[in-house]
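Visitor: Have a look at this one before I ask anything.
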Amino acid sequence: MTASALADALGVTPRSIRSYVTAVNARVPGGTAIESGPQGYRAGADAAAALRVEADAGTPRDRLHTVVRALLDAPDGIDVFETADALHVSPATLDADLARVRGLLGGTELTLERSASRARLRGTEGAQRRLLSKLAHDEMDAGSFDLSALRRTLGERSVGAQAFGPFKTELVARLGDLGWFVNEFGIADVVMHIAIAADRVAQDRPLDAAEPVDAGERPTQTQVAEIIAELSERHLGVRLGSTDLQHLATLVLTRVVAPDRGAAASALPGLDPSVEAAVREVVTAAAEEFLVDIAHDDFVARLALHVQNLMHRAREQAWSRNPLTRSLKSTYPMIFEVAVFIASRLQQRLGIPLPDDEIAYIAMHVGGRLERSRRADQLLTATIVCPGYYDLHELLRSSVDRSLGQAIEVVGVETRVDPDWASIDTDLVLTTIDPLTPADRIVRIQPFLTDSDVERVQAAAGRIRRSRRLARLRAELERYFEPSAFLRGPGFGAGGEEDVIRRLGAMLRERGVIDEAYIDRTIERERLSSTAFTDALAVPHALEMTASRTAIAIGIADPSIPWGDGRVQVVALVAFSESDREAFQTVFEQFVEVFSERDSVQRIVRRGTDFNAFLDELVAVIDG
């Protein structure tokens, strides 16, 4: 990455990036953590070593986690002065750390008490375990589980951290024996909770007694609890109590297992009819709003079971992490938007909060349904030109169908040595002889298809699909951009996301495109889930398509501004009207696609000094 690209990502100047690189490399004397070259910077051979030095150096985050672990391990609290000495910091620094601990406790049902030199946590054992889980997740990268993160959170000598791998392997196998599909995205997270439980029980810190679970509601709860009990004794040497086992079995059943896909919808265990009815209503509304084919009984039933499990997780405040959240949002913005719509309606109907990771699981359901119902007309058509010699053309067609059947459909075969090239009107022409005039859609292949031939055909098909998508996008954008709704300059974005939305929205409101209520609903949508779909672009919008006409207001920030969990440089507030419902997918997905390439973004941002220049650069990027 170039210094400029890194500077945009961090919201600093390229000069600062160069200083940071020098400082990082200084942490590994004689080595190179970050290499520099003609194309910019990249991680060097000693990057991992530099990270370890950083962790050992007592960074604020590392010290904060150490203080929290000390508080969790000491029922009677910690002595502030002794702890400051142990961490080699001043009491004033530790006081500042304790203030940050209070910030970390928001929404955990825990409080930090201070009396003279002692500080202690107050709250239930369940709340303390959720805090431990939060620490472990903070240690992870992009939501995926990492054994070293568990060890850092619980301590290297923790009983749970030592046997994590074998425990997980056997738990997955035993759940499979019960006839369940295991969600690998969630299993490591649940085993982390089991490791935390084992560690706390070993310290004589079991869960408080809970209400008994209705065995009729969860018929396999006892089986799962027995498996966890047996594995905990064998692998961890810890005997868990009934309350812990009940809690952990509930986590397994509501987070990591799903019934066999072949089961009939009516056979899904314990599905609450009221939840199914709510999900059916919401899915039907989403199908009509976005014109997507998802209103199917099997889809509704399985999503309803997921939502029912989600309600259990909400009561436990035990959310599922999803390592695919970021990539789903940036790669499939339209699918993610449908999921946000569903999540918003479910939140209203069922009263459950839905963080981004949970919305991403709904997006996976939506994407799976759409993939299964994808229309055949998305295939590109192709003609094979192969002069006849015995059955050579038939063999070639068979090879093409076998290797490329998911990408193209062969609709014709020309066996003449002098075909009428002009009359061939398919999307692609795959030819074993040289054409009269080369063209992008004509791909030269061998009579016996090779791997290189397959790659060239796939590349050509990809170019054609992209050019068609972007051609549609260019036509749509030129219709919908509002030339006078363009903001750029010092101070843009300084007031935060809401201020940017209101400033861009005000320009569209003045032109009668939207009203103040639309702006308020756009802010509500932003609070549900950040609309920063790429590292550079945010697309705030309301879920309902109530604008008088479809219009786009543009704001450009240079340098980048904070948005959600990241930073962006371009904000496109899109107001969609009911009459342009079919254009929603084109504008939304392809607009995001254009801004997913960093070089293109930098070109547009640097040269788009006013609306006309911005549009010229955007069109130039689209045209390639």
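Every chain in the structure tokens takes a letter, A first, then B, and so on in the order presented; its residues are numbered from 1, and the ligands are numbered from 1 following the presented order.
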Tell me, as a list in words, which residues lie within 12 Å of Arg463 of chain A, counting only C-alpha atoms; anything in the same chain fewer than 6 positions away does not count.
Guide: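 Non-adjacent residues within range: Leu380, Asp427, Leu428, Asp440, Arg441, Arg456, Val457, Arg469, Leu470, Ala471, Asp623 and Gly624 of chain A.
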Visitor: I need the chosen residues saved as a PDB file, in the first residue's frame, with C-alpha atoms.
Guide:
```
ATOM      1  CA  LEU A 380     -23.514 -15.531 -21.011  1.00  0.00           C
ATOM      2  CA  ASP A 427     -21.955 -12.778 -25.969  1.00  0.00           C
ATOM      3  CA  LEU A 428     -18.770 -14.788 -26.544  1.00  0.00           C
ATOM      4  CA  ASP A 440     -12.921  -8.465 -26.883  1.00  0.00           C
ATOM      5  CA  ARG A 441     -15.695 -11.065 -27.070  1.00  0.00           C
ATOM      6  CA  ARG A 456      -8.914 -16.723 -20.686  1.00  0.00           C
ATOM      7  CA  VAL A 457     -12.587 -17.475 -21.312  1.00  0.00           C
ATOM      8  CA  ARG A 469     -23.067  -3.625 -15.239  1.00  0.00           C
ATOM      9  CA  LEU A 470     -21.077  -0.421 -15.361  1.00  0.00           C
ATOM     10  CA  ALA A 471     -22.744   0.722 -18.589  1.00  0.00           C
ATOM     11  CA  ASP A 623     -15.543   3.382 -18.754  1.00  0.00           C
ATOM     12  CA  GLY A 624     -12.222   1.865 -17.738  1.00  0.00           C
TER      13      GLY A 624
END
```
Visitor: Find the spatial neighbours of segment 77-92 of chain A, counting only C-alpha atoms, within a cut-off of 7 Å - ignore same-chain residues fewer than 4 positions away - and output them as a PDB file with all heavy atoms, in the first residue's frame.
Guide:
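New file selection_21.pdb:
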```pdb
ATOM      1  N   LEU A  71      -9.066  -7.456  38.086  1.00  0.00           N
ATOM      2  CA  LEU A  71     -10.323  -7.174  38.799  1.00  0.00           C
ATOM      3  C   LEU A  71     -11.241  -8.393  38.801  1.00  0.00           C
ATOM      4  O   LEU A  71     -11.904  -8.696  39.798  1.00  0.00           O
ATOM      5  CB  LEU A  71     -11.035  -5.988  38.141  1.00  0.00           C
ATOM      6  CG  LEU A  71     -10.402  -4.610  38.363  1.00  0.00           C
ATOM      7  CD1 LEU A  71     -10.975  -3.588  37.381  1.00  0.00           C
ATOM      8  CD2 LEU A  71     -10.636  -4.143  39.800  1.00  0.00           C
ATOM      9  N   ALA A  96      -6.349   6.589  35.335  1.00  0.00           N
ATOM     10  CA  ALA A  96      -6.887   6.828  33.990  1.00  0.00           C
ATOM     11  C   ALA A  96      -7.342   5.505  33.362  1.00  0.00           C
ATOM     12  O   ALA A  96      -8.375   5.443  32.678  1.00  0.00           O
ATOM     13  CB  ALA A  96      -5.826   7.488  33.109  1.00  0.00           C
ATOM     14  N   SER A 117      -7.848   3.066  48.463  1.00  0.00           N
ATOM     15  CA  SER A 117      -6.890   2.553  47.481  1.00  0.00           C
ATOM     16  C   SER A 117      -7.372   1.278  46.795  1.00  0.00           C
ATOM     17  O   SER A 117      -6.648   0.704  45.997  1.00  0.00           O
ATOM     18  CB  SER A 117      -5.544   2.275  48.159  1.00  0.00           C
ATOM     19  OG  SER A 117      -5.681   1.215  49.090  1.00  0.00           O
ATOM     20  N   ARG A 118      -8.591   0.814  47.120  1.00  0.00           N
ATOM     21  CA  ARG A 118      -9.070  -0.443  46.543  1.00  0.00           C
ATOM     22  C   ARG A 118     -10.139  -0.201  45.484  1.00  0.00           C
ATOM     23  O   ARG A 118     -10.977   0.697  45.604  1.00  0.00           O
ATOM     24  CB  ARG A 118      -9.621  -1.385  47.623  1.00  0.00           C
ATOM     25  CG  ARG A 118      -8.566  -1.813  48.629  1.00  0.00           C
ATOM     26  CD  ARG A 118      -8.951  -3.099  49.327  1.00  0.00           C
ATOM     27  NE  ARG A 118      -8.847  -4.286  48.489  1.00  0.00           N
ATOM     28  CZ  ARG A 118      -7.699  -4.884  48.180  1.00  0.00           C
ATOM     29  NH1 ARG A 118      -6.540  -4.395  48.622  1.00  0.00           N
ATOM     30  NH2 ARG A 118      -7.696  -5.964  47.428  1.00  0.00           N
ATOM     31  N   ALA A 119     -10.073  -1.006  44.431  1.00  0.00           N
ATOM     32  CA  ALA A 119     -11.076  -0.956  43.364  1.00  0.00           C
ATOM     33  C   ALA A 119     -11.576  -2.370  43.142  1.00  0.00           C
ATOM     34  O   ALA A 119     -10.790  -3.323  43.152  1.00  0.00           O
ATOM     35  CB  ALA A 119     -10.474  -0.405  42.075  1.00  0.00           C
ATOM     36  N   ARG A 120     -12.905  -2.531  42.944  1.00  0.00           N
ATOM     37  CA  ARG A 120     -13.449  -3.859  42.724  1.00  0.00           C
ATOM     38  C   ARG A 120     -14.658  -3.802  41.800  1.00  0.00           C
ATOM     39  O   ARG A 120     -15.309  -2.764  41.678  1.00  0.00           O
ATOM     40  CB  ARG A 120     -13.843  -4.534  44.047  1.00  0.00           C
ATOM     41  CG  ARG A 120     -14.925  -3.822  44.818  1.00  0.00           C
ATOM     42  CD  ARG A 120     -15.463  -4.678  45.945  1.00  0.00           C
ATOM     43  NE  ARG A 120     -16.163  -5.849  45.438  1.00  0.00           N
ATOM     44  CZ  ARG A 120     -16.706  -6.786  46.217  1.00  0.00           C
ATOM     45  NH1 ARG A 120     -16.601  -6.694  47.533  1.00  0.00           N
ATOM     46  NH2 ARG A 120     -17.341  -7.808  45.694  1.00  0.00           N
ATOM     47  N   LEU A 121     -14.893  -4.948  41.147  1.00  0.00           N
ATOM     48  CA  LEU A 121     -16.053  -5.072  40.282  1.00  0.00           C
ATOM     49  C   LEU A 121     -17.234  -5.616  41.065  1.00  0.00           C
ATOM     50  O   LEU A 121     -17.083  -6.518  41.885  1.00  0.00           O
ATOM     51  CB  LEU A 121     -15.763  -6.023  39.112  1.00  0.00           C
ATOM     52  CG  LEU A 121     -14.865  -5.514  37.988  1.00  0.00           C
ATOM     53  CD1 LEU A 121     -14.640  -6.631  36.971  1.00  0.00           C
ATOM     54  CD2 LEU A 121     -15.480  -4.313  37.299  1.00  0.00           C
TER      55      LEU A 121
END
```
Visitor: Here is a test: counting only C-alpha atoms, which residue of A:Val182, A:Ala202, A:Ile622, A:Leu392 is nearest to Glu597 of chain A?
Guide: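 Result for the nearest residue to Glu597 of chain A: A:Ile622.
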Visitor: Show which residues sit within 10 Å of Leu72 of chain A, as a list in words. Count only C-alpha atoms, and ignore same-chain residues fewer than 6 positions away.
Guide: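 Returned residues: Thr66, Ile78, Arg120, Leu121, Arg122, Glu125, Gln128, Arg129, Leu131, Leu132 and Arg200 of chain A.
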Visitor: Can I get the selection written as a PDB file, in the first residue's frame, with N, CA and C atoms?
Guide:
```pdb
ATOM      1  N   THR A  66      -5.136  -6.169  31.158  1.00  0.00           N
ATOM      2  CA  THR A  66      -4.482  -6.730  32.342  1.00  0.00           C
ATOM      3  C   THR A  66      -5.199  -6.282  33.610  1.00  0.00           C
ATOM      4  N   ILE A  78      -8.684  -4.955  43.902  1.00  0.00           N
ATOM      5  CA  ILE A  78      -7.233  -4.798  43.775  1.00  0.00           C
ATOM      6  C   ILE A  78      -6.794  -3.520  44.476  1.00  0.00           C
ATOM      7  N   ARG A 120     -12.905  -2.531  42.944  1.00  0.00           N
ATOM      8  CA  ARG A 120     -13.449  -3.859  42.724  1.00  0.00           C
ATOM      9  C   ARG A 120     -14.658  -3.802  41.800  1.00  0.00           C
ATOM     10  N   LEU A 121     -14.893  -4.948  41.147  1.00  0.00           N
ATOM     11  CA  LEU A 121     -16.053  -5.072  40.282  1.00  0.00           C
ATOM     12  C   LEU A 121     -17.234  -5.616  41.065  1.00  0.00           C
ATOM     13  N   ARG A 122     -18.410  -5.061  40.792  1.00  0.00           N
ATOM     14  CA  ARG A 122     -19.650  -5.561  41.378  1.00  0.00           C
ATOM     15  C   ARG A 122     -20.565  -6.033  40.253  1.00  0.00           C
ATOM     16  N   GLU A 125     -21.934 -13.269  38.323  1.00  0.00           N
ATOM     17  CA  GLU A 125     -20.912 -14.077  37.682  1.00  0.00           C
ATOM     18  C   GLU A 125     -21.133 -14.123  36.166  1.00  0.00           C
ATOM     19  N   GLN A 128     -19.775 -11.042  34.647  1.00  0.00           N
ATOM     20  CA  GLN A 128     -18.309 -11.046  34.636  1.00  0.00           C
ATOM     21  C   GLN A 128     -17.782 -11.934  33.511  1.00  0.00           C
ATOM     22  N   ARG A 129     -18.463 -13.043  33.261  1.00  0.00           N
ATOM     23  CA  ARG A 129     -18.028 -13.906  32.154  1.00  0.00           C
ATOM     24  C   ARG A 129     -18.246 -13.224  30.812  1.00  0.00           C
ATOM     25  N   LEU A 131     -17.952 -10.138  30.288  1.00  0.00           N
ATOM     26  CA  LEU A 131     -16.844  -9.190  30.156  1.00  0.00           C
ATOM     27  C   LEU A 131     -15.580  -9.916  29.692  1.00  0.00           C
ATOM     28  N   LEU A 132     -15.336 -11.116  30.226  1.00  0.00           N
ATOM     29  CA  LEU A 132     -14.188 -11.902  29.769  1.00  0.00           C
ATOM     30  C   LEU A 132     -14.315 -12.219  28.284  1.00  0.00           C
ATOM     31  N   ARG A 200     -13.464 -20.408  35.404  1.00  0.00           N
ATOM     32  CA  ARG A 200     -14.115 -19.755  36.556  1.00  0.00           C
ATOM     33  C   ARG A 200     -14.551 -20.785  37.597  1.00  0.00           C
TER      34      ARG A 200
END
```
Visitor: Could you list, as a ChimeraX atom specification, every residue within 8 Å of segment 573-582 of chain A, counting only C-alpha atoms and ignoring same-chain residues fewer than 6 positions away?
Guide: /A:289-291,501,504-505,513-514,539-542,545-554
Visitor: When you count only C-alpha atoms, which of these residues is closest to Glu394 of chain A: A:Phe614, A:Glu409, A:Phe448, A:Ile227?
Guide: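 Of A:Phe614, A:Glu409, A:Phe448, A:Ile227, the one nearest Glu394 of chain A, counting only C-alpha atoms, is A:Phe448.
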Visitor: In Å, how far is it from atom CA of Ala407 of chain A to atom CA of Ala475 of chain A?
Guide: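 Interatomic distance, atom CA of Ala407 of chain A to atom CA of Ala475 of chain A: 25.7 Å.
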Visitor: I want to know what sits within 12 Å of Ile187 of chain A, based on only C-alpha atoms, with residues of the same chain fewer than 4 positions away left out; could you give that as an MDAnalysis selection string?
Guide: chainID A and resid 144:145 164:165 167:173 175 181:183 191:194 248 251:258 320:322
Visitor: Calculate how many Å separate atom CA of Glu593 of chain A from atom CA of Asp520 of chain A, rounding to one decimal.
Guide: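 Distance reported for this atom pair: 26.9 Å.
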Visitor: Work out how far atom CA of Leu303 of chain A is from atom CA of Ala195 of chain A, in Å to one decimal.
Guide: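 So the answer is 29.3 Å.
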Visitor: Quick one: pick out all strand (DSSP E or B) residues within segment 308-444 of chain A from a backbone DSSP run and write them as a list in words.
Guide: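 Of segment 308-444 of chain A, only Leu380, Thr381, Ala382, Thr383, Ile384, Val385, Ile408, Glu409, Val410, Val411, Gly412, Val413, Glu414, Leu428, Val429, Leu430, Thr431, Ile442, Val443 and Arg444 of chain A fall in strand (DSSP E or B).
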Visitor: List the spatial neighbours of Gln223 of chain A as a compact mmCIF listing (two decimals) with all heavy atoms, in the first residue's frame - criterion: any atom at most 10 Å away, only C-alpha atoms, same-chain residues fewer than 5 positions off excluded.
Guide:
```
# COMPACT_ATOMS: atom_id res chain seq x y z
N LEU A 175 -21.67 -33.66 18.23
CA LEU A 175 -22.88 -32.99 17.76
C LEU A 175 -23.30 -33.54 16.40
O LEU A 175 -24.49 -33.69 16.12
CB LEU A 175 -22.65 -31.47 17.67
CG LEU A 175 -22.49 -30.73 19.01
CD1 LEU A 175 -22.07 -29.29 18.76
CD2 LEU A 175 -23.79 -30.77 19.81
N LEU A 178 -25.31 -36.61 16.66
CA LEU A 178 -26.71 -36.38 17.03
C LEU A 178 -27.55 -35.95 15.82
O LEU A 178 -28.75 -35.72 15.96
CB LEU A 178 -26.81 -35.31 18.12
CG LEU A 178 -26.34 -35.70 19.53
CD1 LEU A 178 -26.45 -34.51 20.48
CD2 LEU A 178 -27.16 -36.87 20.06
N ILE A 228 -21.18 -32.01 27.09
CA ILE A 228 -20.28 -30.97 27.62
C ILE A 228 -19.71 -31.40 28.96
O ILE A 228 -18.52 -31.19 29.25
CB ILE A 228 -21.04 -29.63 27.75
CG1 ILE A 228 -21.45 -29.12 26.36
CG2 ILE A 228 -20.19 -28.59 28.47
CD1 ILE A 228 -22.36 -27.91 26.39
N ALA A 229 -20.55 -32.01 29.80
CA ALA A 229 -20.09 -32.46 31.12
C ALA A 229 -18.98 -33.50 30.99
O ALA A 229 -17.93 -33.42 31.66
CB ALA A 229 -21.26 -33.03 31.92
N ALA A 249 -25.29 -25.58 27.30
CA ALA A 249 -26.07 -26.36 26.34
C ALA A 249 -27.01 -25.45 25.55
O ALA A 249 -27.21 -25.63 24.35
CB ALA A 249 -26.87 -27.44 27.07
```
Visitor: Do a neighbour search on Pro355 of chain A at 9 Å with only C-alpha atoms, toss out local chain neighbours closer than 6 positions, and write the hits as an NGL selection string.
Guide: :A and (319 or 528-529)
Visitor: Grab the residues selected above and save them as a PDB file, in the first residue's frame with C-alpha atoms.
Guide:
```
ATOM      1  CA  TRP A 319     -24.153 -12.455  20.534  1.00  0.00           C
ATOM      2  CA  LEU A 528     -28.936   0.055  12.658  1.00  0.00           C
ATOM      3  CA  SER A 529     -25.769  -0.738  10.708  1.00  0.00           C
TER       4      SER A 529
END
```
Visitor: So which one's closest to Phe481 of chain A, A:Asn612, A:Ser467, A:Thr426, A:Thr383? Using only C-alpha atoms, please.
Guide: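 Smallest separation from Phe481 of chain A among the options: A:Asn612.
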